[in-house]
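Source file: model36.txt (compact mmCIF, C-alpha atoms)
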```
# COMPACT_ATOMS: atom_id res chain seq x y z
CA MET A 1 130.91 -28.66 -102.95
CA THR A 2 132.65 -27.07 -105.91
CA GLU A 3 136.08 -27.96 -104.38
CA ILE A 4 134.99 -31.59 -103.87
CA ALA A 5 133.87 -31.77 -107.47
CA PHE A 6 137.22 -30.44 -108.59
CA ILE A 7 139.04 -33.19 -106.67
CA LEU A 8 136.81 -36.07 -107.86
CA LEU A 9 136.74 -35.16 -111.53
CA ASP A 10 139.49 -36.36 -113.85
CA ARG A 11 139.79 -32.87 -115.35
CA PRO A 12 138.70 -30.38 -112.63
CA VAL A 13 139.53 -27.13 -114.51
CA THR A 14 137.29 -27.97 -117.51
CA TRP A 15 134.32 -28.91 -115.35
CA ALA A 16 134.69 -25.78 -113.27
CA GLN A 17 134.65 -23.58 -116.34
CA ALA A 18 131.51 -25.36 -117.61
CA ALA A 19 129.83 -24.92 -114.26
CA LEU A 20 130.65 -21.23 -114.27
CA GLY A 21 129.41 -21.08 -117.85
CA PHE A 22 125.99 -22.26 -116.83
CA GLY A 23 126.10 -19.67 -114.15
CA GLY A 24 124.58 -21.36 -111.20
CA SER A 25 125.28 -23.57 -108.25
CA THR A 26 122.23 -25.70 -108.96
CA LEU A 27 123.59 -26.90 -112.19
CA GLY A 28 126.92 -27.69 -110.58
CA LEU A 29 125.17 -29.73 -107.90
CA LEU A 30 123.34 -31.80 -110.47
CA LEU A 31 126.51 -32.36 -112.34
CA LEU A 32 128.24 -33.52 -109.17
CA LEU A 33 125.49 -36.06 -108.46
CA ALA A 34 125.74 -37.47 -111.97
CA LEU A 35 129.48 -37.82 -111.64
CA SER A 36 129.13 -39.65 -108.31
CA ALA A 37 126.65 -42.11 -109.82
CA TRP A 38 129.00 -42.80 -112.70
CA ARG A 39 131.94 -43.43 -110.36
CA GLY A 40 129.86 -45.89 -108.25
CA SER A 41 128.87 -47.97 -111.26
CA ARG A 42 132.51 -48.16 -112.34
CA ARG A 43 133.54 -49.30 -108.88
CA ARG A 44 130.95 -52.07 -108.88
CA ALA A 45 132.11 -53.20 -112.29
CA LEU A 46 135.69 -53.38 -111.04
CA GLU A 47 134.63 -55.33 -107.97
CA ALA A 48 132.73 -57.84 -110.11
CA LEU A 49 135.78 -58.26 -112.34
CA GLU A 50 138.03 -58.81 -109.36
CA ALA A 51 135.59 -61.42 -108.02
CA LEU A 52 135.72 -63.29 -111.34
CA ILE A 53 139.51 -63.21 -111.36
CA ALA A 54 139.63 -64.48 -107.76
CA ALA A 55 137.24 -67.31 -108.59
CA GLU A 56 139.39 -68.32 -111.58
CA ARG A 57 142.51 -68.31 -109.43
CA ALA A 58 140.76 -70.37 -106.74
CA ARG A 59 139.71 -72.93 -109.35
CA GLU A 60 143.27 -73.18 -110.72
CA THR A 61 144.63 -73.45 -107.18
CA ASP A 62 142.18 -76.28 -106.40
CA ASP A 63 143.33 -78.11 -109.52
CA LYS A 64 146.96 -77.70 -108.54
CA VAL A 65 146.26 -78.87 -104.98
CA ALA A 66 144.48 -81.94 -106.33
CA GLU A 67 147.44 -82.68 -108.61
CA MET A 68 149.83 -82.25 -105.66
CA ASN A 69 147.71 -84.61 -103.53
CA ARG A 70 147.86 -87.18 -106.32
CA LEU A 71 151.67 -86.83 -106.59
CA GLN A 72 152.00 -87.04 -102.82
CA ALA A 73 149.92 -90.23 -102.75
CA GLU A 74 152.13 -91.77 -105.44
CA LEU A 75 155.23 -90.71 -103.50
CA THR A 76 153.81 -92.24 -100.32
CA GLY A 77 153.20 -95.52 -102.13
CA ARG A 78 156.73 -95.57 -103.49
CA MET A 79 158.15 -94.80 -100.04
CA GLN A 80 156.17 -97.67 -98.54
CA SER A 81 157.45 -100.02 -101.26
CA MET A 82 161.01 -98.92 -100.62
CA ALA A 83 160.51 -99.34 -96.87
CA GLU A 84 159.24 -102.90 -97.41
CA ILE A 85 162.22 -103.71 -99.64
CA LEU A 86 164.62 -102.24 -97.07
CA SER A 87 162.96 -104.23 -94.27
CA THR A 88 163.32 -107.43 -96.31
CA ARG A 89 167.01 -106.75 -96.98
CA GLN A 90 167.59 -105.94 -93.33
CA GLY A 91 165.96 -109.23 -92.28
CA ASP A 92 168.15 -111.17 -94.74
CA LEU A 93 171.21 -109.38 -93.44
CA ALA A 94 170.23 -110.16 -89.83
CA ARG A 95 169.81 -113.86 -90.67
CA LEU A 96 173.19 -113.89 -92.44
CA VAL A 97 174.85 -112.26 -89.45
CA ALA A 98 173.18 -114.73 -87.08
CA ASP A 99 174.42 -117.68 -89.17
CA ARG A 100 177.96 -116.30 -89.27
CA MET A 101 177.98 -115.65 -85.51
CA GLU A 102 176.67 -119.14 -84.81
CA GLY A 103 179.45 -120.65 -86.93
CA LEU A 104 182.11 -118.59 -85.17
CA ARG A 105 180.67 -119.48 -81.76
CA HIS A 106 180.80 -123.16 -82.68
CA GLN A 107 184.45 -122.92 -83.81
CA VAL A 108 185.48 -121.02 -80.67
CA GLY A 109 183.67 -123.55 -78.48
CA GLN A 110 185.45 -126.45 -80.17
CA GLY A 111 188.84 -124.74 -79.72
CA LEU A 112 188.21 -124.10 -76.03
CA GLU A 113 187.01 -127.66 -75.49
CA GLN A 114 190.15 -129.04 -77.14
CA ASN A 115 192.37 -126.78 -75.01
CA VAL A 116 190.58 -127.89 -71.84
CA ARG A 117 190.99 -131.54 -72.81
CA GLN A 118 194.71 -131.13 -73.50
CA THR A 119 195.18 -129.25 -70.23
CA SER A 120 193.37 -132.00 -68.33
CA GLU A 121 195.61 -134.63 -69.92
CA SER A 122 198.72 -132.63 -69.00
CA LEU A 123 197.55 -132.29 -65.40
CA GLY A 124 196.86 -136.02 -65.30
CA ARG A 125 200.41 -136.77 -66.41
CA LEU A 126 201.74 -134.35 -63.79
CA GLN A 127 199.71 -136.09 -61.10
CA GLU A 128 201.18 -139.42 -62.18
CA ARG A 129 204.68 -137.96 -61.87
CA LEU A 130 203.83 -136.59 -58.44
CA ALA A 131 202.67 -140.04 -57.39
CA VAL A 132 206.03 -141.43 -58.55
CA ILE A 133 207.78 -138.72 -56.53
CA ASP A 134 205.77 -139.62 -53.42
CA SER A 135 206.71 -143.28 -53.88
CA ALA A 136 210.38 -142.33 -54.23
CA GLN A 137 210.20 -140.21 -51.09
CA LYS A 138 208.74 -143.12 -49.16
CA ASN A 139 211.52 -145.36 -50.41
CA LEU A 140 214.13 -142.79 -49.41
CA THR A 141 212.56 -142.47 -45.97
CA ASN A 142 212.78 -146.23 -45.55
CA LEU A 143 216.37 -146.22 -46.72
CA THR A 144 217.42 -143.43 -44.35
CA SER A 145 215.63 -145.07 -41.43
CA GLU A 146 217.59 -148.27 -41.81
CA VAL A 147 220.82 -148.77 -39.84
CA VAL A 148 223.33 -150.60 -42.04
CA THR A 149 226.41 -152.28 -40.64
CA LEU A 150 229.20 -151.52 -43.09
CA ARG A 151 231.67 -153.97 -41.57
CA ASP A 152 230.06 -157.05 -43.13
CA VAL A 153 228.85 -155.46 -46.33
CA LEU A 154 232.04 -153.51 -47.08
CA SER A 155 234.46 -156.35 -46.43
CA ASN A 156 236.39 -155.70 -49.64
CA LYS A 157 236.87 -152.91 -52.15
CA GLN A 158 234.83 -154.51 -54.92
CA ALA A 159 231.89 -155.06 -52.59
CA ARG A 160 232.09 -151.47 -51.35
CA GLY A 161 232.10 -150.16 -54.91
CA ALA A 162 229.15 -152.33 -55.88
CA TYR A 163 227.26 -151.25 -52.75
CA GLY A 164 227.81 -147.54 -53.41
CA GLN A 165 226.98 -147.91 -57.12
CA GLY A 166 223.80 -149.83 -56.29
CA ARG A 167 222.52 -147.26 -53.77
CA MET A 168 223.29 -144.41 -56.16
CA GLU A 169 221.53 -146.12 -59.06
CA ALA A 170 218.47 -146.87 -56.92
CA ILE A 171 218.17 -143.24 -55.84
CA ILE A 172 218.59 -141.89 -59.38
CA ARG A 173 216.22 -144.42 -60.98
CA ASP A 174 213.52 -143.60 -58.42
CA GLY A 175 213.81 -139.86 -59.01
CA LEU A 176 214.52 -139.24 -62.70
CA PRO A 177 213.12 -140.49 -66.01
CA GLY A 178 215.46 -142.78 -67.92
CA ALA A 179 216.01 -140.22 -70.69
CA PHE A 180 217.86 -137.86 -68.32
CA PHE A 181 220.61 -140.12 -66.92
CA ALA A 182 223.07 -142.79 -68.03
CA PHE A 183 225.25 -145.20 -66.04
CA GLN A 184 228.85 -145.79 -67.06
CA PRO A 185 228.71 -143.62 -70.21
CA GLN A 186 231.85 -142.98 -72.20
CA LEU A 187 233.10 -139.40 -72.47
CA SER A 188 235.07 -137.89 -75.30
CA ASN A 189 238.34 -138.50 -73.40
CA GLY A 190 237.52 -142.21 -73.02
CA LYS A 191 236.69 -142.02 -69.28
CA ARG A 192 233.54 -143.60 -67.86
CA PRO A 193 231.93 -141.87 -64.85
CA ASP A 194 229.56 -143.86 -62.64
CA CYS A 195 226.60 -141.72 -63.68
CA LEU A 196 225.97 -138.77 -65.99
CA VAL A 197 222.78 -136.73 -65.47
CA THR A 198 221.66 -134.46 -68.31
CA LEU A 199 219.44 -131.58 -67.29
CA PRO A 200 216.85 -130.13 -69.70
CA GLY A 201 217.92 -127.03 -71.53
CA ASP A 202 221.65 -127.77 -71.06
CA GLY A 203 223.55 -130.29 -73.15
CA ARG A 204 226.29 -130.67 -70.53
CA GLY A 205 226.03 -133.61 -68.14
CA LEU A 206 226.44 -133.66 -64.36
CA VAL A 207 228.98 -136.29 -63.23
CA ILE A 208 228.20 -138.40 -60.15
CA ASP A 209 231.01 -140.58 -58.78
CA ALA A 210 230.24 -143.45 -56.38
CA LYS A 211 233.82 -144.69 -55.71
CA PHE A 212 234.33 -142.98 -52.36
CA PRO A 213 237.47 -144.35 -50.58
CA LEU A 214 236.02 -146.12 -47.52
CA GLU A 215 239.12 -148.17 -46.51
CA SER A 216 240.67 -145.27 -44.61
CA PHE A 217 237.41 -144.71 -42.67
CA THR A 218 237.36 -148.40 -41.75
CA GLN A 219 240.96 -148.12 -40.52
CA LEU A 220 240.06 -144.98 -38.55
CA ARG A 221 237.24 -146.76 -36.76
CA GLU A 222 239.45 -149.71 -35.97
CA ALA A 223 242.33 -147.57 -34.64
CA ARG A 224 243.04 -148.11 -30.89
CA GLY A 225 245.65 -145.48 -30.13
CA GLU A 226 246.29 -141.81 -30.67
CA GLU A 227 249.05 -142.43 -33.18
CA ALA A 228 246.93 -144.93 -35.06
CA ARG A 229 244.04 -142.46 -35.19
CA LYS A 230 246.32 -139.70 -36.48
CA ALA A 231 247.72 -142.01 -39.15
CA ALA A 232 244.21 -143.13 -40.14
CA ALA A 233 243.01 -139.49 -40.27
CA ALA A 234 245.98 -138.56 -42.44
CA ARG A 235 245.13 -141.46 -44.76
CA VAL A 236 241.53 -140.27 -44.94
CA ARG A 237 242.66 -136.79 -45.95
CA ASN A 238 245.10 -138.18 -48.49
CA ASP A 239 242.68 -140.71 -50.04
CA VAL A 240 239.79 -138.26 -50.29
CA GLY A 241 242.09 -135.54 -51.65
CA VAL A 242 243.53 -137.83 -54.29
CA HIS A 243 240.08 -139.03 -55.34
CA VAL A 244 238.79 -135.44 -55.56
CA LYS A 245 241.79 -134.55 -57.75
CA ASP A 246 241.16 -137.55 -60.00
CA ILE A 247 237.53 -136.56 -60.48
CA ALA A 248 238.50 -132.99 -61.38
CA GLU A 249 241.11 -134.18 -63.90
CA ARG A 250 239.00 -136.92 -65.51
CA TYR A 251 235.47 -135.61 -65.67
CA PHE A 252 235.65 -131.83 -66.13
CA LEU A 253 235.41 -131.41 -69.90
CA PRO A 254 234.46 -127.94 -71.23
CA GLY A 255 231.25 -128.02 -73.22
CA GLU A 256 230.61 -131.69 -72.37
CA THR A 257 230.21 -131.85 -68.57
CA GLN A 258 229.13 -129.42 -65.90
CA ASP A 259 231.66 -127.42 -63.90
CA LEU A 260 230.37 -129.18 -60.77
CA ALA A 261 230.52 -132.88 -59.84
CA LEU A 262 229.02 -134.98 -57.03
CA LEU A 263 231.00 -137.48 -54.93
CA PHE A 264 228.55 -139.99 -53.42
CA VAL A 265 229.11 -141.42 -49.92
CA PRO A 266 226.86 -144.46 -49.38
CA SER A 267 226.64 -144.01 -45.60
CA GLU A 268 225.02 -141.19 -43.62
CA SER A 269 227.28 -141.82 -40.63
CA ILE A 270 230.49 -141.62 -42.69
CA HIS A 271 229.23 -138.42 -44.29
CA ALA A 272 228.47 -136.96 -40.86
CA ASP A 273 231.96 -137.94 -39.54
CA LEU A 274 233.55 -136.41 -42.60
CA HIS A 275 231.80 -133.06 -42.04
CA GLU A 276 232.43 -133.14 -38.32
CA HIS A 277 236.12 -134.09 -38.20
CA PHE A 278 237.47 -133.33 -41.68
CA ASP A 279 236.23 -129.88 -42.55
CA ASP A 280 239.50 -129.13 -44.39
CA VAL A 281 238.76 -132.03 -46.77
CA ILE A 282 235.25 -130.69 -47.41
CA GLN A 283 236.65 -127.22 -48.13
CA LYS A 284 239.28 -128.65 -50.48
CA ALA A 285 236.58 -130.54 -52.37
CA HIS A 286 234.48 -127.35 -52.60
CA ARG A 287 237.41 -125.45 -54.06
CA ALA A 288 237.75 -128.21 -56.64
CA ARG A 289 234.01 -127.77 -57.42
CA ILE A 290 233.12 -131.22 -56.11
CA MET A 291 230.25 -131.72 -53.67
CA ILE A 292 230.42 -134.69 -51.27
CA VAL A 293 226.87 -135.91 -50.76
CA SER A 294 225.21 -138.58 -48.63
CA PRO A 295 222.21 -140.67 -49.77
CA SER A 296 219.76 -138.13 -48.36
CA LEU A 297 221.58 -135.20 -49.99
CA LEU A 298 221.77 -137.06 -53.28
CA ALA A 299 218.04 -137.74 -53.06
CA LEU A 300 217.46 -134.05 -52.38
CA ALA A 301 219.60 -133.12 -55.38
CA ILE A 302 217.73 -135.62 -57.54
CA GLN A 303 214.43 -134.13 -56.40
CA LEU A 304 215.68 -130.71 -57.42
CA MET A 305 216.68 -132.10 -60.82
CA GLN A 306 213.30 -133.74 -61.05
CA SER A 307 211.68 -130.37 -60.44
CA LEU A 308 213.77 -128.93 -63.27
CA VAL A 309 212.66 -131.76 -65.54
CA ARG A 310 209.04 -131.25 -64.54
CA ASP A 311 209.32 -127.52 -65.11
CA ALA A 312 210.83 -128.13 -68.55
CA ARG A 313 207.96 -130.43 -69.46
CA MET A 314 205.46 -127.93 -68.10
CA ARG A 315 207.09 -125.26 -70.26
CA GLU A 316 206.71 -127.54 -73.26
CA GLU A 317 203.05 -128.04 -72.41
CA ALA A 318 202.72 -124.31 -71.83
CA GLN A 319 204.12 -123.72 -75.31
CA VAL A 320 201.44 -126.04 -76.70
CA ILE A 321 198.79 -124.16 -74.74
CA GLN A 322 200.27 -120.84 -75.87
CA SER A 323 200.15 -122.03 -79.46
CA GLU A 324 196.49 -122.97 -79.09
CA VAL A 325 195.76 -119.62 -77.44
CA GLY A 326 197.51 -117.93 -80.38
CA LYS A 327 195.23 -119.81 -82.76
CA LEU A 328 192.25 -118.77 -80.65
CA LEU A 329 193.40 -115.13 -80.79
CA ALA A 330 193.73 -115.44 -84.57
CA ASP A 331 190.13 -116.70 -84.70
CA VAL A 332 189.06 -113.77 -82.53
CA ARG A 333 190.89 -111.34 -84.83
CA ARG A 334 189.14 -112.87 -87.84
CA LEU A 335 185.88 -112.50 -85.94
CA GLY A 336 186.67 -108.81 -85.38
CA GLU A 337 187.49 -108.31 -89.07
CA ARG A 338 184.25 -109.95 -90.13
CA ALA A 339 182.33 -107.89 -87.59
CA GLU A 340 183.99 -104.77 -89.03
CA LYS A 341 182.91 -105.82 -92.53
CA LEU A 342 179.41 -106.36 -91.20
CA ASP A 343 179.52 -102.91 -89.62
CA GLN A 344 180.54 -101.48 -93.00
CA HIS A 345 177.51 -103.17 -94.57
CA PHE A 346 175.30 -101.64 -91.88
CA ARG A 347 176.84 -98.21 -92.47
CA GLN A 348 176.29 -98.60 -96.22
CA ALA A 349 172.65 -99.48 -95.57
CA GLN A 350 172.34 -96.44 -93.31
CA ASP A 351 173.88 -94.28 -96.06
CA ASP A 352 171.35 -95.68 -98.54
CA VAL A 353 168.50 -94.87 -96.16
CA ALA A 354 169.93 -91.39 -95.65
CA GLY A 355 170.05 -90.96 -99.44
CA LEU A 356 166.42 -92.03 -99.67
CA ARG A 357 165.49 -89.55 -96.99
CA THR A 358 167.41 -86.83 -98.81
CA SER A 359 165.63 -87.62 -102.09
CA ALA A 360 162.28 -87.64 -100.30
CA GLY A 361 163.12 -84.30 -98.70
CA LYS A 362 164.01 -82.83 -102.09
CA ILE A 363 160.77 -84.14 -103.60
CA THR A 364 158.78 -82.70 -100.70
CA GLY A 365 160.57 -79.36 -101.03
CA ARG A 366 159.87 -79.23 -104.74
CA GLY A 367 156.22 -80.03 -104.06
CA GLU A 368 156.03 -77.25 -101.53
CA ARG A 369 157.60 -74.84 -104.00
CA ILE A 370 155.08 -75.93 -106.66
CA VAL A 371 152.28 -75.26 -104.19
CA ALA A 372 153.67 -71.75 -103.72
CA LEU A 373 153.37 -70.92 -107.47
CA ASP A 374 152.71 -67.29 -108.43
CA PHE A 375 151.13 -65.94 -111.63
CA ASP A 376 152.32 -63.16 -113.86
CA GLU A 377 149.22 -61.15 -114.94
CA ALA A 378 151.10 -59.38 -117.69
CA LYS A 379 152.14 -62.53 -119.57
CA GLY A 380 149.25 -64.68 -118.51
CA GLU A 381 151.54 -67.62 -117.51
CA PRO A 382 152.40 -68.77 -113.95
CA THR A 383 156.06 -68.58 -112.93
CA LEU A 384 157.98 -70.61 -110.41
CA PRO A 385 159.44 -68.48 -107.62
CA PHE A 386 162.30 -70.92 -107.16
CA ALA A 387 163.44 -70.82 -110.85
CA GLU A 388 164.25 -67.42 -112.26
CA GLY A 389 163.13 -66.85 -115.90
CA LEU A 390 161.15 -70.14 -116.15
CA THR A 391 157.42 -70.26 -116.81
CA LEU A 392 155.13 -73.02 -115.71
CA LYS A 393 155.13 -74.45 -119.25
CA LYS A 394 158.95 -74.58 -119.36
CA ALA A 395 159.07 -76.08 -115.89
CA ALA A 396 156.60 -78.78 -116.99
CA GLU A 397 158.78 -79.56 -119.98
```
Can I see the file as structure tokens?
Amino acid sequence: MTEIAFILLDRPVTWAQAALGFGGSTLGLLLLLALSAWRGSRRRALEALEALIAAERARETDDKVAEMNRLQAELTGRMQSMAEILSTRQGDLARLVADRMEGLRHQVGQGLEQNVRQTSESLGRLQERLAVIDSAQKNLTNLTSEVVTLRDVLSNKQARGAYGQGRMEAIIRDGLPGAFFAFQPQLSNGKRPDCLVTLPGDGRGLVIDAKFPLESFTQLREARGEEARKAAAARVRNDVGVHVKDIAERYFLPGETQDLALLFVPSESIHADLHEHFDDVIQKAHRARIMIVSPSLLALAIQLMQSLVRDARMREEAQVIQSEVGKLLADVRRLGERAEKLDQHFRQAQDDVAGLRTSAGKITGRGERIVALDFDEAKGEPTLPFAEGLTLKKAAE
């Protein structure tokens, strides 16, 4: 008991000496009981004081929580107002975008409709040209199916020339537009070929000669002996060779005419006899860059030229279509640029919303740090844990 008293007392040596001075354990026991009673009353007083301090802190905490609830309610109201404003701006932006897209869709639709209409017109013109070609083919078929007796028609040289010129002109007129050929034009050297065909894309003209020497063929058909036939054949070779040479000398002009010319034979039978019995004449004409053609071959050549003319016109139409497509692509590029600008507006709006969220997060964080306030008992003023050296009064300021 004496050792316990020594531990509990503030000054154990003094109390022990007093107890020994009284000289008895009874007195020491009484003294120990008195000391225990005094310590218990002090403990109760401390507990009561701590209870009061806790109650005061709870009251201050309740006040702070109420203030935080009020601030949070105000912040919620402001956030709702901002959300309503943002929703209104987003609706206006959506309507603006819809109006712009509708305008662009209308412009693109008009451009496509115009292109379709122009294409339809071009195809209609092509169909008309094809109908003309079909008519020319029918006429050529009728011409080739006819059997013409040259003896009566080609009774003299002038009649033969007129007959050949007429057949050639009929074939060319049926196959080519008038802007691509000319009859009896004058060249720079003063010569006048029977026909000059100008192909698209090439300023040089193609010469067609219709003055084929038919007298020697008439003499060959009328020959009754071997010597007469040989003489007539020699005349055929000479006449055709001379005429081929004349064509090469008269009508081959560099930069003005093509390097190839056509010699028209107005009879299919004469053309066949020439290829069958006078191959050396054909080869000589080929070396001189002159093609001997019959009515059917001339019609075939004219059809080929007609295809070239049609292709040139189709290329011109294609250039128009390409130009319109280029304009359409330019509209699409402008549409892309405007869509990119619209996307930038959307990204700006998203950045604004992100900024709002960041500000709201900061406000919420500051509120949470205010809720976590601590108090300094020594100074009697609360301090903010997130701001070193600042009291609650300075933070409020």
What is the distance between CA of Gln110 in chain A and CA of Glu316 in chain A, in Å to one decimal? 22.4 Å
Contacts of range 196-260 of chain A with range 175-183 of chain A up to 8 Å, shortest pair per row, only C-alpha atoms, as JSON lines:
```
{"residue": "A:Leu196", "atom": "CA", "partner": "A:Ala182", "partner_atom": "CA", "distance": 5.4}
{"residue": "A:Val197", "atom": "CA", "partner": "A:Phe181", "partner_atom": "CA", "distance": 4.3}
{"residue": "A:Thr198", "atom": "CA", "partner": "A:Phe180", "partner_atom": "CA", "distance": 5.1}
{"residue": "A:Leu199", "atom": "CA", "partner": "A:Phe180", "partner_atom": "CA", "distance": 6.6}
{"residue": "A:Pro200", "atom": "CA", "partner": "A:Phe180", "partner_atom": "CA", "distance": 7.9}
```
What does the structure give for the distance between CA of Glu268 in chain A and CA of Asn238 in chain A, in Å to one decimal? 20.9 Å
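Computed from the coordinates, the CA of Arg229 in chain A to CA of Leu274 in chain A distance equals 14.2 Å.
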Shortest contact to Ala234 in chain A, candidates A:Met101, A:Leu220, A:Ala37, A:Ile133, atoms counted all atoms listed in the file, goes to A:Leu220
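When the distance limit is 12 Å and only C-alpha atoms are what count, the residues near His271 in chain A, minus those fewer than 2 positions from it on the same chain, are Phe212, Pro213, Leu214, Phe217, Leu263, Phe264, Val265, Pro266, Ser267, Glu268, Ser269, Asp273, Leu274, His275, Glu276, His277, Phe278, Asp279, Val281, Ile282, Met291, Ile292, Val293, Ser294, Pro295, Ser296, Leu297 and Leu298 of chain A.
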List as a list in words the protein and nucleic acid residues near His243 in chain A, meaning an atom at most 12 Å away when only C-alpha atoms are counted, but skip any in the same chain fewer than 2 places from it. Asp209, Ala210, Lys211, Phe212, Pro213, Leu214, Arg235, Val236, Arg237, Asn238, Asp239, Val240, Gly241, Lys245, Asp246, Ile247, Ala248, Glu249, Arg250, Tyr251, Leu262, Leu263, Phe264, Val281, Lys284, Ala285, Ala288, Ile290 and Ile292 of chain A
With C-alpha atoms kept, could you save the residues just selected as a PDB file, keeping the file's coordinate frame?
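Result file is selection.pdb:
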```pdb
ATOM      1  CA  ASP A 209     231.010-140.580 -58.780  1.00  0.00           C
ATOM      2  CA  ALA A 210     230.240-143.450 -56.380  1.00  0.00           C
ATOM      3  CA  LYS A 211     233.820-144.690 -55.710  1.00  0.00           C
ATOM      4  CA  PHE A 212     234.330-142.980 -52.360  1.00  0.00           C
ATOM      5  CA  PRO A 213     237.470-144.350 -50.580  1.00  0.00           C
ATOM      6  CA  LEU A 214     236.020-146.120 -47.520  1.00  0.00           C
ATOM      7  CA  ARG A 235     245.130-141.460 -44.760  1.00  0.00           C
ATOM      8  CA  VAL A 236     241.530-140.270 -44.940  1.00  0.00           C
ATOM      9  CA  ARG A 237     242.660-136.790 -45.950  1.00  0.00           C
ATOM     10  CA  ASN A 238     245.100-138.180 -48.490  1.00  0.00           C
ATOM     11  CA  ASP A 239     242.680-140.710 -50.040  1.00  0.00           C
ATOM     12  CA  VAL A 240     239.790-138.260 -50.290  1.00  0.00           C
ATOM     13  CA  GLY A 241     242.090-135.540 -51.650  1.00  0.00           C
ATOM     14  CA  LYS A 245     241.790-134.550 -57.750  1.00  0.00           C
ATOM     15  CA  ASP A 246     241.160-137.550 -60.000  1.00  0.00           C
ATOM     16  CA  ILE A 247     237.530-136.560 -60.480  1.00  0.00           C
ATOM     17  CA  ALA A 248     238.500-132.990 -61.380  1.00  0.00           C
ATOM     18  CA  GLU A 249     241.110-134.180 -63.900  1.00  0.00           C
ATOM     19  CA  ARG A 250     239.000-136.920 -65.510  1.00  0.00           C
ATOM     20  CA  TYR A 251     235.470-135.610 -65.670  1.00  0.00           C
ATOM     21  CA  LEU A 262     229.020-134.980 -57.030  1.00  0.00           C
ATOM     22  CA  LEU A 263     231.000-137.480 -54.930  1.00  0.00           C
ATOM     23  CA  PHE A 264     228.550-139.990 -53.420  1.00  0.00           C
ATOM     24  CA  VAL A 281     238.760-132.030 -46.770  1.00  0.00           C
ATOM     25  CA  LYS A 284     239.280-128.650 -50.480  1.00  0.00           C
ATOM     26  CA  ALA A 285     236.580-130.540 -52.370  1.00  0.00           C
ATOM     27  CA  ALA A 288     237.750-128.210 -56.640  1.00  0.00           C
ATOM     28  CA  ILE A 290     233.120-131.220 -56.110  1.00  0.00           C
ATOM     29  CA  ILE A 292     230.420-134.690 -51.270  1.00  0.00           C
TER      30      ILE A 292
END
```
Which of A:Val353, A:Ala34, A:Leu206, A:Ile370 sits closest to Ser87 in chain A [using all atoms listed in the file]: A:Val353
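Distances to Leu300 in chain A were evaluated for A:Ala66, A:Ile171, A:Ala94, A:Val132 using all atoms listed in the file, and the minimum falls at A:Ile171.
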Pick the closest to Pro254 in chain A from A:Gly205, A:Ile363, A:Leu342, A:Arg347: which is it, counting all atoms listed in the file? A:Gly205
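You can rank A:Asp63, A:Ala233, A:Gln127, A:Ser359 by their closest distance to Asp280 in chain A using all atoms listed in the file, and at the top of that list sits A:Ala233.
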Which of these, A:Glu84, A:Gly109, A:Gly40, A:Arg129, has the shortest distance to Arg313 in chain A once you count all atoms listed in the file? A:Arg129
